[in-house]
Amino acid sequence: MRGIRLSVCIPTYNFGRFIGETLDSILPGITDEVEVLVVDGASTDNTGEVVRVRQERFPALRYHRLEKKGGIDRDMAKSVALARGEYVWLFSADDWMAEGALGRVLDEIRLELDLYLCGFTLCDFEMRPQKQHPILDAPDGSVYDLGDLRDRRDFFERGLTTTAFFSFMSSLVIRKEKWDSAKMDDTFVGSCWDHVARLFRLIPSGMRVKYLSGAYLLKRDDNDSFSERGIARRVGIAIEGYHRLANAFFGMESAEAHHIRRVLKNEYPLLNLLYIKSRTSQSHIPEDMKYLDGLVAKLYLDGEPADRVRLRLYRLAPPFALRPAEKAYKFARKFLPLP
């Protein structure tokens with residue numbers, strides 16, 4: 001019997017409404033080289049029941065329930081620790097695997113690179129495809145050794161969204177031995193970016209990354225489990241988190257940090273910021289508006305001419321006049337890589 005070459009790892013919490021469809025998109029395509037592992041962070045909904053029904057038909061589906069909720073960082077790390085495959089495909093509990101994607105990934109990992117960065121299709125909440133998500137301005141199949149300075153600078157310069165810098169777990173297929181070689185560091189636990197910190201930590205020793213630009217999965221939009229504290233705080237997870245990552249691993253003045261900040265500005269253009277300002281003003285929580293103003297200042301801290309203009313426009317725009325920005329933003333999301 002062949003060993004397990006690929007573990008599809010799904011950390012989840014209270015996604016019983018969605019995880020059945022996720023599993024149904026994966027399980028029919030598995031082979032004896034693949035296992036599917038669900039790590040449940042002590043869900044209080046029907047997640048366990050949904051998984052167990054499918055275990056009756058698919059013995060390669062494993063279910064591990066944690067005693068208490070650990071948060072996405074710890075649950076993701078636990079799922080990789082429990083995996084038995086040579087490679088791990090991290091996967092969100094509300095996304096769908098694209099038809100044929102499993103076979104394509106199994107073919108790719110025969111090259112034995114360290115990490116595969118997979119493209120995906122953005123969908124609406126009902127999983128109707130909308131557009132291909134931009135990741136990297138590079139040809140399909142491009143390979144980079146991020147331990148090599150020239151390769152790393154080229155890779156970071158080509159980044160279009162933070163997905164290029166490993167933000168979206170469902171786009172990551174990782175050699176487990178490589179992941180395990182970077183010990184967990186509590187510094188970024190609780191930030192939602194511990195997995196990114198772990199991968200950045202591997203770069204100095206060399207990390208070979210292959211970009212797969214096709215549609216390997218479908219990502220459900222407008223289903224953000226991190227938005228309970230409001231839209232400004234949700235935006236802060238990305239802006240503060242990636243500024244912190246950039247400074248910690250590359251230094252604020254580095255080319256890598258510059259490109260991380262550039263990509264953040266791409267993901268949060270002025271139209272988006274005005275929309276967020278409008279939404280935040282409607283909540284009537286002064287602390288949230290003050291927090292958002294600080295985030296925008298951080299976003300434009302490079303002080304380039306365009307940054308100064310956008311920051312001034314953001315500050316001058318009165319909240320009551322921002323309703324048109326809301327409508328324009330919602331329309332633009334259908335065509336542009338906006339959060």
# chains A, B, ... in the order shown; residues from 1 in each chain; ligands from 1

$ select_by_dssp --residues "range 134-260 of chain A" --states "strand (DSSP E)" --output "VMD selection string"
chain A and resid 143 to 145 172 to 175 208 to 212 217 to 220

$ write_last_selection --atoms "C-alpha atoms" --output "PDB file, in the first residue's frame"
ATOM      1  CA  VAL A 143       9.583  28.750  -9.453  1.00  0.00           C
ATOM      2  CA  TYR A 144      11.392  30.935  -6.911  1.00  0.00           C
ATOM      3  CA  ASP A 145      13.873  30.081  -4.186  1.00  0.00           C
ATOM      4  CA  LEU A 172      -1.025  26.798   0.233  1.00  0.00           C
ATOM      5  CA  VAL A 173       0.305  23.281  -0.324  1.00  0.00           C
ATOM      6  CA  ILE A 174       3.335  22.800   1.925  1.00  0.00           C
ATOM      7  CA  ARG A 175       5.919  20.052   2.366  1.00  0.00           C
ATOM      8  CA  ARG A 208      11.368  26.809  -3.135  1.00  0.00           C
ATOM      9  CA  VAL A 209       7.949  28.101  -4.180  1.00  0.00           C
ATOM     10  CA  LYS A 210       6.061  27.232  -7.349  1.00  0.00           C
ATOM     11  CA  TYR A 211       3.218  29.453  -8.555  1.00  0.00           C
ATOM     12  CA  LEU A 212       0.208  27.598  -9.958  1.00  0.00           C
ATOM     13  CA  LEU A 217     -10.431  26.067  -5.596  1.00  0.00           C
ATOM     14  CA  LEU A 218     -13.450  28.303  -5.249  1.00  0.00           C
ATOM     15  CA  LYS A 219     -13.408  30.807  -2.372  1.00  0.00           C
ATOM     16  CA  ARG A 220     -16.656  31.853  -0.724  1.00  0.00           C
TER      17      ARG A 220
END

$ residues_around --residues "Arg152 in chain A" --least-positions-apart "3" --cutoff "12 Å" --atoms "only C-alpha atoms" --output "VMD selection string"
chain A and resid 143 to 149 155 to 159 164 to 165 200 203 to 204 206 to 209 250 254 to 257 259

$ residues_around --residues "range 282-297 of chain A" --least-positions-apart "2" --cutoff "12 Å" --atoms "only C-alpha atoms" --output "PyMOL selection string"
chain A and resi 229-243+261+264-265+268-270+272-280+299-303+307-316+319-320+322-323

$ write_last_selection --atoms "C-alpha atoms" --output "mmCIF file, in the first residue's frame"
data_model
loop_
_atom_site.group_PDB
_atom_site.id
_atom_site.type_symbol
_atom_site.label_atom_id
_atom_site.label_comp_id
_atom_site.auth_asym_id
_atom_site.auth_seq_id
_atom_site.Cartn_x
_atom_site.Cartn_y
_atom_site.Cartn_z
ATOM 1 C CA ARG A 229 -15.686 43.418 16.165
ATOM 2 C CA GLY A 230 -16.616 45.628 13.231
ATOM 3 C CA ILE A 231 -15.220 46.442 9.825
ATOM 4 C CA ALA A 232 -12.436 48.745 11.069
ATOM 5 C CA ARG A 233 -11.053 46.075 13.403
ATOM 6 C CA ARG A 234 -11.297 43.503 10.612
ATOM 7 C CA VAL A 235 -9.226 45.716 8.309
ATOM 8 C CA GLY A 236 -6.733 46.160 11.120
ATOM 9 C CA ILE A 237 -5.997 42.424 11.163
ATOM 10 C CA ALA A 238 -4.522 42.719 7.668
ATOM 11 C CA ILE A 239 -2.912 46.165 7.806
ATOM 12 C CA GLU A 240 -1.399 45.914 11.292
ATOM 13 C CA GLY A 241 -0.579 42.241 10.877
ATOM 14 C CA TYR A 242 1.330 42.580 7.626
ATOM 15 C CA HIS A 243 3.157 45.736 8.707
ATOM 16 C CA ARG A 261 3.146 47.898 1.973
ATOM 17 C CA LEU A 264 -1.641 46.486 1.123
ATOM 18 C CA LYS A 265 -2.329 49.804 -0.605
ATOM 19 C CA TYR A 268 -7.199 48.844 0.342
ATOM 20 C CA PRO A 269 -7.521 51.599 -2.280
ATOM 21 C CA LEU A 270 -9.003 54.978 -1.424
ATOM 22 C CA ASN A 272 -12.433 51.040 -0.199
ATOM 23 C CA LEU A 273 -11.185 53.225 2.666
ATOM 24 C CA LEU A 274 -13.956 55.749 2.093
ATOM 25 C CA TYR A 275 -16.480 52.923 2.154
ATOM 26 C CA ILE A 276 -15.018 51.678 5.451
ATOM 27 C CA LYS A 277 -15.055 55.229 6.851
ATOM 28 C CA SER A 278 -18.738 55.512 5.938
ATOM 29 C CA ARG A 279 -19.598 52.189 7.553
ATOM 30 C CA THR A 280 -17.569 52.986 10.674
ATOM 31 C CA LEU A 299 -1.116 52.488 5.265
ATOM 32 C CA TYR A 300 0.306 55.707 3.796
ATOM 33 C CA LEU A 301 3.361 56.027 6.056
ATOM 34 C CA ASP A 302 5.810 55.925 3.118
ATOM 35 C CA GLY A 303 4.826 59.508 2.375
ATOM 36 C CA ASP A 307 0.146 58.624 -0.505
ATOM 37 C CA ARG A 308 -0.081 62.217 0.714
ATOM 38 C CA VAL A 309 -2.879 63.037 -1.738
ATOM 39 C CA ARG A 310 -4.904 59.957 -0.818
ATOM 40 C CA LEU A 311 -4.430 60.531 2.912
ATOM 41 C CA ARG A 312 -5.598 64.123 2.569
ATOM 42 C CA LEU A 313 -8.657 63.085 0.535
ATOM 43 C CA TYR A 314 -9.514 60.454 3.124
ATOM 44 C CA ARG A 315 -9.261 62.975 5.967
ATOM 45 C CA LEU A 316 -11.240 65.692 4.197
ATOM 46 C CA PRO A 319 -18.770 60.728 6.449
ATOM 47 C CA PHE A 320 -22.234 61.962 5.411
ATOM 48 C CA LEU A 322 -19.599 58.917 1.521
ATOM 49 C CA ARG A 323 -22.741 57.016 0.520
#

$ atom_distance --atom1 "CA of Val53 in chain A" --atom2 "CA of Gly41 in chain A"
18.6 Å

$ atom_distance --atom1 "CA of Cys9 in chain A" --atom2 "CA of Met76 in chain A"
8.0 Å

$ closest_atom_pairs --of "range 92-159 of chain A" --to "range 20-37 of chain A" --cutoff "8 Å" --atoms "only C-alpha atoms" --output "Markdown table"
| residue | atom | partner | partner_atom | distance |
| --- | --- | --- | --- | --- |
| A:Ala93 | CA | A:Thr22 | CA | 6.1 |
| A:Asp94 | CA | A:Thr22 | CA | 5.8 |
| A:Asp95 | CA | A:Thr22 | CA | 5.8 |
| A:Trp96 | CA | A:Thr22 | CA | 4.9 |
| A:Met97 | CA | A:Ser25 | CA | 5.4 |
| A:Ala98 | CA | A:Ser25 | CA | 7.3 |
| A:Glu99 | CA | A:Ser25 | CA | 7.7 |
| A:Gly100 | CA | A:Gly29 | CA | 7.6 |
| A:Leu102 | CA | A:Gly29 | CA | 6.8 |
| A:Gly103 | CA | A:Gly29 | CA | 7.9 |

$ residues_around --residues "Met184 in chain A" --least-positions-apart "2" --cutoff "8 Å" --atoms "only C-alpha atoms" --output "PyMOL selection string"
chain A and resi 182+186+198

$ decode --residues "range 122-147 of chain A" --atoms "N, CA, C and O atoms" --output "short mmCIF file (atom, residue, chain, number, x, y, z; two decimals), in the first residue's frame"
data_model
loop_
_atom_site.label_atom_id
_atom_site.label_comp_id
_atom_site.auth_asym_id
_atom_site.auth_seq_id
_atom_site.Cartn_x
_atom_site.Cartn_y
_atom_site.Cartn_z
N LEU A 122 -12.76 33.62 -7.06
CA LEU A 122 -13.61 34.26 -6.06
C LEU A 122 -15.07 34.06 -6.43
O LEU A 122 -15.46 34.22 -7.59
N CYS A 123 -15.89 33.72 -5.43
CA CYS A 123 -17.32 33.50 -5.64
C CYS A 123 -18.10 34.40 -4.69
O CYS A 123 -17.55 34.94 -3.72
N ASP A 124 -19.40 34.54 -4.96
CA ASP A 124 -20.23 35.25 -3.99
C ASP A 124 -20.60 34.28 -2.87
O ASP A 124 -20.14 33.13 -2.84
N PHE A 125 -21.43 34.73 -1.96
CA PHE A 125 -21.75 33.90 -0.80
C PHE A 125 -22.42 32.59 -1.20
O PHE A 125 -22.27 31.57 -0.54
N GLU A 126 -23.16 32.63 -2.30
CA GLU A 126 -23.85 31.43 -2.78
C GLU A 126 -22.97 30.58 -3.69
O GLU A 126 -23.45 29.66 -4.34
N MET A 127 -21.68 30.90 -3.75
CA MET A 127 -20.69 30.15 -4.52
C MET A 127 -20.89 30.24 -6.02
O MET A 127 -20.52 29.33 -6.77
N ARG A 128 -21.42 31.38 -6.47
CA ARG A 128 -21.47 31.66 -7.90
C ARG A 128 -20.16 32.32 -8.29
O ARG A 128 -19.81 33.37 -7.73
N PRO A 129 -19.40 31.73 -9.23
CA PRO A 129 -18.09 32.29 -9.59
C PRO A 129 -18.19 33.74 -10.07
O PRO A 129 -19.09 34.09 -10.83
N GLN A 130 -17.24 34.58 -9.61
CA GLN A 130 -17.22 35.99 -9.97
C GLN A 130 -15.99 36.36 -10.80
O GLN A 130 -16.12 36.96 -11.86
N LYS A 131 -14.80 35.98 -10.35
CA LYS A 131 -13.57 36.38 -11.05
C LYS A 131 -12.40 35.57 -10.48
O LYS A 131 -12.47 35.04 -9.37
N GLN A 132 -11.32 35.50 -11.24
CA GLN A 132 -10.09 34.88 -10.77
C GLN A 132 -9.35 35.88 -9.88
O GLN A 132 -9.22 37.05 -10.22
N HIS A 133 -8.91 35.41 -8.74
CA HIS A 133 -8.22 36.29 -7.79
C HIS A 133 -6.78 36.52 -8.24
O HIS A 133 -6.04 35.56 -8.50
N PRO A 134 -6.34 37.76 -8.35
CA PRO A 134 -4.94 38.03 -8.73
C PRO A 134 -4.00 37.75 -7.57
O PRO A 134 -4.27 38.12 -6.43
N ILE A 135 -2.89 37.12 -7.87
CA ILE A 135 -1.92 36.78 -6.83
C ILE A 135 -0.53 37.31 -7.18
O ILE A 135 0.05 38.07 -6.43
N LEU A 136 -0.03 36.88 -8.33
CA LEU A 136 1.35 37.17 -8.70
C LEU A 136 1.40 37.53 -10.19
O LEU A 136 0.76 36.88 -11.00
N ASP A 137 2.16 38.56 -10.51
CA ASP A 137 2.37 38.93 -11.91
C ASP A 137 3.52 38.10 -12.46
O ASP A 137 4.64 38.58 -12.66
N ALA A 138 3.23 36.81 -12.67
CA ALA A 138 4.26 35.87 -13.11
C ALA A 138 3.60 34.76 -13.91
O ALA A 138 2.42 34.45 -13.71
N PRO A 139 4.33 34.14 -14.82
CA PRO A 139 3.77 33.04 -15.62
C PRO A 139 3.43 31.84 -14.74
O PRO A 139 4.07 31.61 -13.71
N ASP A 140 2.43 31.10 -15.17
CA ASP A 140 2.09 29.86 -14.50
C ASP A 140 3.30 28.94 -14.46
O ASP A 140 4.02 28.78 -15.45
N GLY A 141 3.53 28.33 -13.32
CA GLY A 141 4.65 27.41 -13.18
C GLY A 141 5.97 28.04 -12.80
O GLY A 141 6.98 27.34 -12.67
N SER A 142 5.98 29.35 -12.58
CA SER A 142 7.22 30.02 -12.16
C SER A 142 7.68 29.48 -10.81
O SER A 142 6.87 29.27 -9.90
N VAL A 143 9.00 29.28 -10.69
CA VAL A 143 9.58 28.75 -9.45
C VAL A 143 10.57 29.77 -8.89
O VAL A 143 11.39 30.33 -9.63
N TYR A 144 10.51 29.99 -7.59
CA TYR A 144 11.39 30.94 -6.91
C TYR A 144 11.98 30.26 -5.68
O TYR A 144 11.26 29.59 -4.93
N ASP A 145 13.26 30.47 -5.45
CA ASP A 145 13.87 30.08 -4.19
C ASP A 145 13.98 31.35 -3.34
O ASP A 145 14.84 32.20 -3.59
N LEU A 146 13.12 31.46 -2.36
CA LEU A 146 13.07 32.69 -1.58
C LEU A 146 14.29 32.88 -0.69
O LEU A 146 14.50 33.96 -0.14
N GLY A 147 15.11 31.84 -0.55
CA GLY A 147 16.36 32.01 0.16
C GLY A 147 17.42 32.73 -0.64
O GLY A 147 18.41 33.23 -0.09
#
